[in-house]
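Pasted below: final16.cif, mmCIF, C-alpha atoms.
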data_model
#
loop_
_atom_site.label_atom_id
_atom_site.label_comp_id
_atom_site.auth_asym_id
_atom_site.auth_seq_id
_atom_site.Cartn_x
_atom_site.Cartn_y
_atom_site.Cartn_z
CA TYR A 93 46.41 103.89 -240.64
CA LYS A 94 49.08 105.28 -238.34
CA ARG A 95 46.61 105.49 -235.46
CA GLN A 96 45.43 101.92 -236.05
CA TYR A 97 49.03 100.71 -236.21
CA GLN A 98 49.84 102.46 -232.91
CA ARG A 99 46.86 100.85 -231.20
CA ARG A 100 47.87 97.40 -232.43
CA VAL A 101 51.48 97.82 -231.28
CA HIS A 102 50.35 99.15 -227.89
CA GLY A 103 47.93 96.26 -227.33
CA ASP A 104 50.36 93.56 -228.44
CA ALA A 105 53.21 95.03 -226.38
CA GLY A 106 51.02 95.39 -223.28
CA PHE A 107 49.97 91.74 -223.16
CA ARG A 108 53.47 90.54 -224.14
CA ILE A 109 55.03 92.46 -221.23
CA LEU A 110 52.41 91.10 -218.84
CA ALA A 111 53.25 87.56 -219.97
CA GLN A 112 57.02 88.06 -219.70
CA HIS A 113 56.91 89.37 -216.11
CA TRP A 114 54.04 87.26 -214.77
CA GLY A 115 56.25 84.47 -213.48
CA GLY A 116 58.28 86.89 -211.33
CA LEU A 117 55.33 88.50 -209.55
CA ASP A 118 54.86 88.23 -205.82
CA LYS A 119 51.50 88.03 -204.11
CA TYR A 120 51.43 91.78 -203.41
CA ARG A 121 51.57 92.77 -207.11
CA ILE A 122 49.22 90.28 -208.77
CA ASP A 123 46.15 92.37 -207.92
CA LYS A 124 47.73 95.40 -209.60
CA TYR A 125 48.43 93.47 -212.79
CA LEU A 126 44.92 92.01 -212.83
CA SER A 127 43.48 95.50 -212.34
CA LEU A 128 45.63 96.74 -215.22
CA ILE A 129 44.23 94.03 -217.54
CA ARG A 130 40.68 94.93 -216.46
CA PHE A 131 41.27 98.65 -217.04
CA GLN A 132 42.90 98.03 -220.43
CA LEU A 133 39.94 95.92 -221.58
CA PHE A 134 37.42 98.49 -220.33
CA VAL A 135 39.17 101.33 -222.17
CA ALA A 136 39.33 99.27 -225.36
CA PHE A 137 35.59 98.62 -225.15
CA GLU A 138 34.89 102.32 -224.63
CA LEU A 139 37.03 103.32 -227.62
CA LEU A 140 35.37 100.73 -229.84
CA ARG A 141 31.92 101.78 -228.65
CA ASP A 142 32.49 105.42 -229.56
CA CYS A 143 34.72 105.20 -232.64
CA ALA A 144 34.22 101.90 -234.46
CA LEU A 145 31.72 99.64 -236.19
CA PRO A 146 31.63 95.81 -235.77
CA ASP A 147 33.37 95.34 -239.15
CA SER A 148 35.84 98.24 -238.88
CA PRO A 149 39.65 97.79 -238.99
CA ASP A 150 39.93 98.83 -235.33
CA ALA A 151 37.48 96.10 -234.31
CA GLN A 152 39.40 93.52 -236.35
CA THR A 153 42.66 94.67 -234.75
CA PHE A 154 41.13 94.23 -231.30
CA CYS A 155 39.93 90.70 -232.18
CA ASP A 156 43.39 89.75 -233.45
CA ILE A 157 45.02 90.93 -230.19
CA ILE A 158 42.61 88.97 -227.97
CA ILE A 159 42.88 85.80 -230.09
CA LYS A 160 46.66 86.07 -229.93
CA CYS A 161 46.43 86.04 -226.12
CA TYR A 162 44.62 82.68 -226.21
CA PHE A 163 46.67 81.02 -228.97
CA GLY A 164 50.07 82.66 -228.51
CA PRO A 165 52.82 82.07 -225.97
CA VAL A 166 51.05 84.18 -223.32
CA LEU A 167 50.84 82.48 -219.92
CA ALA A 168 47.52 80.95 -218.94
CA ALA A 169 46.86 83.56 -216.23
CA VAL A 170 46.22 86.36 -218.76
CA PRO A 171 43.57 84.57 -220.90
CA ASP A 172 42.03 83.12 -217.73
CA HIS A 173 41.52 86.62 -216.33
CA LEU A 174 40.23 87.92 -219.67
CA THR A 175 37.65 85.12 -219.63
CA ASP A 176 36.56 86.03 -216.10
CA ILE A 177 36.04 89.74 -216.76
CA TRP A 178 34.92 89.78 -220.43
CA VAL A 179 31.15 89.93 -219.93
CA ASP A 180 31.24 92.27 -216.92
CA GLU A 181 33.55 94.79 -218.59
CA ALA A 182 31.50 94.76 -221.82
CA PHE A 183 28.37 95.46 -219.76
CA LYS A 184 30.10 98.16 -217.73
CA ALA A 185 31.36 99.90 -220.89
CA LYS A 186 27.86 99.67 -222.47
CA LEU A 187 29.18 97.89 -225.56
CA PRO A 188 26.39 97.79 -228.20
CA PRO A 189 24.80 94.32 -228.58
CA PRO A 190 25.64 93.97 -232.33
CA MET A 191 29.30 94.66 -231.59
CA TYR A 192 29.34 92.32 -228.59
CA TRP A 193 27.90 89.36 -230.51
CA SER A 194 30.21 90.11 -233.43
CA PHE A 195 33.17 89.83 -231.04
CA PHE A 196 31.67 86.68 -229.54
CA GLU A 197 31.52 85.03 -232.96
CA ARG A 198 34.94 86.16 -234.17
CA ILE A 199 36.81 85.59 -230.90
CA TYR A 200 35.17 83.10 -228.58
CA VAL A 201 33.46 80.79 -231.05
CA HIS A 202 36.84 80.54 -232.79
CA ILE A 203 38.51 79.78 -229.43
CA LEU A 204 35.88 77.20 -228.49
CA ALA A 205 36.46 75.44 -231.82
CA GLN A 206 40.23 75.58 -232.27
CA CYS A 207 42.05 76.40 -229.03
CA PRO A 208 44.08 73.31 -227.99
CA ARG A 209 43.83 74.13 -224.26
CA LYS A 210 40.80 72.14 -223.10
CA PRO A 211 40.56 73.56 -219.54
CA LEU A 212 40.62 77.08 -220.99
CA THR A 213 37.83 76.36 -223.47
CA SER A 214 35.75 74.81 -220.68
CA LYS A 215 36.15 78.03 -218.71
CA VAL A 216 35.20 80.11 -221.77
CA ALA A 217 32.06 77.99 -222.19
CA LYS A 218 31.07 78.57 -218.56
CA TYR A 219 31.97 82.23 -218.00
CA VAL A 220 31.41 83.71 -221.48
CA ALA A 221 29.01 81.53 -223.46
CA GLN A 222 26.69 80.59 -220.58
CA GLU A 223 26.91 83.77 -218.51
CA ILE A 224 24.42 86.05 -220.29
CA PRO A 225 21.38 83.69 -220.34
CA GLN A 226 21.68 83.25 -216.56
CA ARG A 227 21.45 86.96 -215.61
CA LYS A 228 18.36 89.03 -216.37
CA THR A 229 20.20 92.37 -216.48
CA LEU A 230 22.56 91.00 -219.13
CA ILE A 231 19.67 89.50 -221.11
CA ASP A 232 17.87 92.86 -221.16
CA PHE A 233 20.99 94.76 -222.24
CA PHE A 234 22.65 92.42 -224.78
CA GLU A 235 19.36 91.05 -226.22
CA PRO A 236 20.70 87.63 -227.30
CA ASP A 237 19.07 86.03 -230.34
CA ALA A 238 18.95 82.44 -229.09
CA ALA A 239 18.15 80.88 -232.47
CA ALA A 240 20.98 82.72 -234.28
CA ILE A 241 23.53 81.94 -231.55
CA SER A 242 22.49 78.28 -231.43
CA SER A 243 22.87 78.04 -235.21
CA MET A 244 26.28 79.76 -235.01
CA LEU A 245 27.54 77.28 -232.41
CA PHE A 246 26.10 74.30 -234.28
CA ASN A 247 27.83 75.36 -237.52
CA ALA A 248 31.11 75.81 -235.63
CA ALA A 249 30.78 72.31 -234.16
CA ALA A 250 30.13 70.82 -237.61
CA ALA A 251 33.02 72.65 -239.32
CA GLU A 252 35.97 70.60 -240.58
CA THR A 253 38.52 72.85 -238.88
CA THR A 254 37.04 72.27 -235.40
CA LEU A 255 39.14 70.08 -233.11
CA GLU A 256 37.52 66.77 -232.24
CA ILE A 257 37.91 67.35 -228.49
CA HIS A 258 35.62 70.42 -228.75
CA ARG A 259 32.74 69.14 -230.87
CA ARG A 260 30.67 67.73 -228.01
CA GLN A 261 31.05 70.94 -226.02
CA LEU A 262 29.95 73.11 -228.95
CA TYR A 263 26.94 70.87 -229.66
CA ALA A 264 26.02 71.07 -225.97
CA LEU A 265 26.26 74.88 -226.06
CA ALA A 266 24.06 74.96 -229.18
CA ASP A 267 21.46 72.89 -227.29
CA TYR A 268 21.89 75.23 -224.30
CA TYR A 269 20.94 78.30 -226.37
CA LYS A 270 18.10 76.38 -228.01
CA MET A 271 16.78 75.59 -224.54
CA PHE A 272 17.26 79.27 -223.62
CA GLY A 273 15.11 80.30 -226.60
CA ASP A 274 12.38 77.86 -225.52
CA CYS A 275 12.52 79.30 -222.00
CA GLN A 276 12.13 82.84 -223.34
CA ALA A 277 9.08 81.77 -225.33
CA GLN A 278 7.53 80.15 -222.24
CA GLY A 279 8.45 82.99 -219.88
CA LYS A 280 10.74 80.81 -217.72
CA SER A 281 14.35 81.22 -216.65
CA ILE A 282 17.16 79.02 -217.89
CA GLN A 283 17.94 77.99 -214.29
CA GLN A 284 14.49 76.40 -213.94
CA ALA A 285 14.96 74.44 -217.18
CA ILE A 286 18.44 73.23 -216.08
CA ALA A 287 17.09 72.17 -212.69
CA ALA A 288 14.32 70.17 -214.39
CA LYS A 289 16.88 68.55 -216.72
CA LYS A 290 19.09 67.56 -213.78
CA GLU A 291 16.15 66.04 -211.91
CA GLU A 292 15.29 64.03 -215.01
CA LYS A 293 18.95 62.99 -215.30
CA LEU A 294 19.00 61.68 -211.72
CA LYS A 295 15.89 59.63 -212.42
CA ASN A 296 17.48 58.23 -215.57
CA VAL A 297 20.63 57.25 -213.63
CA ALA A 298 18.58 55.07 -211.29
CA CYS A 299 16.91 53.41 -214.31
CA GLY A 300 20.17 52.92 -216.25
CA ILE A 301 19.26 55.34 -219.09
CA PRO A 302 22.18 57.19 -220.83
CA ILE A 303 22.95 60.54 -219.24
CA LEU A 304 22.70 63.98 -220.90
CA GLN A 305 25.79 66.05 -220.13
CA PHE A 306 25.71 69.82 -219.68
CA PRO A 307 28.45 72.17 -220.96
CA ASP A 308 29.96 72.75 -217.49
CA GLU A 309 30.36 68.97 -217.05
CA LEU A 310 32.40 68.50 -220.24
CA ALA A 311 35.82 69.07 -218.67
CA ASN A 312 37.48 65.87 -219.89
CA ALA A 313 39.61 66.03 -223.00
CA GLN A 314 38.20 62.78 -224.41
CA PRO A 315 34.56 61.65 -224.37
CA THR A 316 33.85 58.92 -221.84
CA ILE A 317 31.16 56.26 -221.80
CA LEU A 318 29.15 56.57 -218.60
CA LYS A 319 27.85 53.45 -216.86
CA VAL A 320 25.70 52.98 -213.80
CA ASN A 321 26.95 51.34 -210.62
CA PRO A 322 23.83 49.51 -209.34
CA LYS A 323 25.20 49.36 -205.78
CA ARG A 324 25.53 53.13 -205.36
CA HIS A 325 23.23 54.42 -208.14
CA VAL A 326 25.86 56.88 -209.36
CA ALA A 327 27.41 57.46 -212.76
CA LEU A 328 31.05 56.35 -213.09
CA SER A 329 33.32 57.30 -215.97
CA HIS A 330 36.31 55.26 -217.10
CA ALA A 331 38.64 57.42 -214.99
CA GLY A 332 36.35 56.98 -212.00
CA LYS A 333 36.44 53.21 -212.36
CA GLN A 334 40.25 53.33 -212.57
CA ARG A 335 40.43 55.34 -209.33
CA ALA A 336 38.04 52.93 -207.60
CA ARG A 337 40.14 49.97 -208.77
CA MET A 338 43.34 51.58 -207.46
CA LYS A 339 41.69 52.19 -204.08
CA GLY A 340 40.76 48.51 -203.90
CA ILE A 341 44.33 47.45 -204.71
CA LYS A 342 45.76 49.76 -202.05
CA ARG A 343 43.26 48.41 -199.52
CA LYS A 344 44.36 44.82 -200.24
CA ILE A 345 48.04 45.78 -199.85
CA ARG A 346 47.34 47.41 -196.48
CA LYS A 347 45.49 44.31 -195.30
CA GLN A 348 48.44 42.08 -196.33
CA ARG A 349 51.03 44.31 -194.63
CA TYR A 350 49.03 44.96 -191.48
CA PRO A 351 46.80 41.94 -190.85
CA LYS A 352 44.32 42.12 -188.02
CA LYS A 353 45.34 40.20 -184.91
#
Go through the file and emit its structure as structure tokens.
Amino acid sequence: YKRQYQRRVHGDAGFRILAQHWGGLDKYRIDKYLSLIRFQLFVAFELLRDCALPDSPDAQTFCDIIIKCYFGPVLAAVPDHLTDIWVDEAFKAKLPPPMYWSFFERIYVHILAQCPRKPLTSKVAKYVAQEIPQRKTLIDFFEPDAAAISSMLFNAAAAETTLEIHRRQLYALADYYKMFGDCQAQGKSIQQAIAAKKEEKLKNVACGIPILQFPDELANAQPTILKVNPKRHVALSHAGKQRARMKGIKRKIRKQRYPKK
């Protein structure tokens, strides 16, 4: 218990100190701090790989520390960097697949469902949830069960505690892993399936059919109704129409102030 307590205090204190001094860093020290976060995560993965099981107290302590970084008062730079390096450091430390997917469920599915920072959850969806199916070396090592992961994400999207702004993204990720499972069965890559979907989407835009959004396109906090501009054959959201309207107003003002002679 004493050893577990020391690890928890060390991890919490390390990220808290990083957050407190991040605002005062100059450009010559940021790389050192980022390298320190990477090294700390790698060492934690190595310790958990050699000394812990997915349901052990040490693993739960590690999950609590990482979740605290995303939900606590830590500055956005620390969880952003953790998101960038999570998959690579787990692969480098040879973290066992059962432990990796246990951490994914307890940490990142929870973050995707309940973290109030929408840009951060969009980055988690892109660099953690979608990263493994796109790289063959990671697929061979982590051995993702597409059906189980899709069901996990679908259940998280349907849960009552999930924030409304995240439901569409979680449903899209569940469809993404379902498509990944179909690609594995057919011997194709996920990139080929996404390219085919995007080609079909472009055809549907020209015909005025509703558009299927992919997880990396769900960056807006609120869902928007997409409509087709028949003059340009492009999809415009509500924000896009507002920007176009403002450009037209500014153009009229310029014409009134500076009429052509």
Which of these, A:Leu145, A:Ala285, A:Ala238, A:Leu117, has the shortest distance to Pro188 in chain A once you count all atoms listed in the file?
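For Pro188 in chain A, the nearest of the candidates is A:Leu145.
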From the list A:Ile345, A:Val170, A:Val216, A:Ala266, which residue is nearest Arg130 in chain A when using only C-alpha atoms?
A:Val170
Applied to the shown file, which residues does the PyMOL selection byres ((chain A and resi 154) around 9) return, written as a ChimeraX atom specification?
/A:99-100,103,136,140,149-153,155-159
Quick one: distance from CA of Phe272 in chain A to CA of Ala239 in chain A in Å, one decimal?
9.0 Å
I'd like the residues picked by the PyMOL selection byres ((chain A and resi 248) around 9) written out as JSON, numbers by chain, using the chain letters and numbers from the file.
{"A": [201, 202, 204, 205, 243, 244, 245, 246, 247, 249, 250, 251, 252, 253, 254, 259, 262, 263]}
Which residue of A:Pro171, A:Gly273, A:Gly279, A:Gly340 approaches Pro211 in chain A most closely, using all atoms listed in the file:
A:Pro171
Go ahead and compute the interatomic distance for CA of Ala264 in chain A and CA of Trp178 in chain A, in Å to one decimal.
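Separation of CA of Ala264 in chain A and CA of Trp178 in chain A: 21.4 Å.
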I would like the residues chosen by the PyMOL selection byres ((chain A and resi 182-187) around 12) on the shown file; could you give them as a PyMOL selection string?
chain A and resi 130-146+174-181+188-196+220+223-224+227+229-235
So what do you get for CA of Ser281 in chain A versus CA of Tyr200 in chain A, distance-wise?
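Computing it gives 24.1 Å between the two atoms.
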Smallest atom-to-atom distance to Pro236 in chain A: which of A:Arg121, A:Tyr269, A:His258, A:Tyr219, using all atoms listed in the file?
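Among A:Arg121, A:Tyr269, A:His258, A:Tyr219, it is A:Tyr269 that comes nearest to Pro236 in chain A.
Ranking A:Ser214, A:Ala287, A:Cys207, A:Asp123 by their shortest atom-to-atom distance to Leu265 in chain A, with only C-alpha atoms included, puts A:Ser214 first.
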Of the listed residues A:Lys228, A:Lys339, A:Lys289, A:Lys210, that which approaches Glu256 in chain A most closely, counting only C-alpha atoms
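For Glu256 in chain A, the nearest of the candidates is A:Lys210.
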If you count all atoms listed in the file, which residues fall within 12 Å of His113 in chain A, apart from same-chain ones fewer than 4 positions away, as a list in words?
Gly106, Phe107, Arg108, Ile109, Leu117, Asp118, Arg121, Ile122, Tyr125, Val166, Leu167, Ala169 and Val170 of chain A
Box along x, y and z, 5 Å on every side, all listed atoms of range 231-237 of chain A inside: centre and edge lengths in Å to one decimal, as JSON.
{"center_x": 20.3, "center_y": 90.4, "center_z": -225.7, "size_x": 14.8, "size_y": 18.7, "size_z": 19.2}
Save range 112-128 of chain A to disk from that block, N, CA, C and O atoms included, as a CSV table (one decimal), in the first residue's frame.
chain,number,residue,atom,x,y,z
A,112,GLN,N,1.6,24.0,-13.4
A,112,GLN,CA,1.8,25.3,-12.7
A,112,GLN,C,2.9,26.1,-13.4
A,112,GLN,O,2.8,27.3,-13.5
A,113,HIS,N,3.9,25.4,-14.0
A,113,HIS,CA,5.0,26.2,-14.6
A,113,HIS,C,4.9,26.3,-16.1
A,113,HIS,O,5.8,26.8,-16.7
A,114,TRP,N,3.8,25.7,-16.7
A,114,TRP,CA,3.8,25.7,-18.1
A,114,TRP,C,3.6,27.1,-18.7
A,114,TRP,O,4.2,27.4,-19.7
A,115,GLY,N,2.9,28.0,-18.1
A,115,GLY,CA,2.7,29.3,-18.6
A,115,GLY,C,3.9,30.2,-18.6
A,115,GLY,O,4.0,31.1,-19.4
A,116,GLY,N,4.9,29.8,-17.8
A,116,GLY,CA,6.2,30.6,-17.7
A,116,GLY,C,7.3,30.1,-18.5
A,116,GLY,O,8.4,30.6,-18.4
A,117,LEU,N,7.0,29.1,-19.4
A,117,LEU,CA,8.1,28.5,-20.2
A,117,LEU,C,8.4,29.3,-21.4
A,117,LEU,O,7.6,30.0,-22.0
A,118,ASP,N,9.7,29.3,-21.7
A,118,ASP,CA,10.1,30.0,-23.0
A,118,ASP,C,10.2,28.9,-24.1
A,118,ASP,O,10.1,27.7,-23.8
A,119,LYS,N,10.5,29.3,-25.3
A,119,LYS,CA,10.5,28.4,-26.4
A,119,LYS,C,11.7,27.4,-26.3
A,119,LYS,O,11.6,26.4,-27.0
A,120,TYR,N,12.7,27.7,-25.5
A,120,TYR,CA,13.8,26.8,-25.4
A,120,TYR,C,13.6,25.7,-24.4
A,120,TYR,O,14.4,24.7,-24.4
A,121,ARG,N,12.6,25.7,-23.6
A,121,ARG,CA,12.4,24.7,-22.6
A,121,ARG,C,11.2,23.9,-22.8
A,121,ARG,O,11.0,22.8,-22.1
A,122,ILE,N,10.3,24.2,-23.8
A,122,ILE,CA,9.1,23.4,-24.0
A,122,ILE,C,9.5,22.0,-24.4
A,122,ILE,O,8.8,21.1,-24.0
A,123,ASP,N,10.5,21.9,-25.3
A,123,ASP,CA,10.8,20.5,-25.8
A,123,ASP,C,11.3,19.6,-24.6
A,123,ASP,O,11.0,18.4,-24.6
A,124,LYS,N,12.0,20.2,-23.6
A,124,LYS,CA,12.4,19.4,-22.5
A,124,LYS,C,11.2,19.0,-21.6
A,124,LYS,O,11.2,17.8,-21.2
A,125,TYR,N,10.2,19.8,-21.5
A,125,TYR,CA,9.1,19.4,-20.7
A,125,TYR,C,8.3,18.4,-21.4
A,125,TYR,O,7.8,17.4,-20.8
A,126,LEU,N,8.1,18.5,-22.8
A,126,LEU,CA,7.4,17.5,-23.5
A,126,LEU,C,8.1,16.2,-23.5
A,126,LEU,O,7.5,15.1,-23.4
A,127,SER,N,9.5,16.2,-23.6
A,127,SER,CA,10.2,15.0,-23.5
A,127,SER,C,10.1,14.4,-22.1
A,127,SER,O,10.1,13.1,-22.0
A,128,LEU,N,10.0,15.2,-21.1
A,128,LEU,CA,9.8,14.6,-19.7
A,128,LEU,C,8.4,13.9,-19.6
A,128,LEU,O,8.3,12.8,-19.0
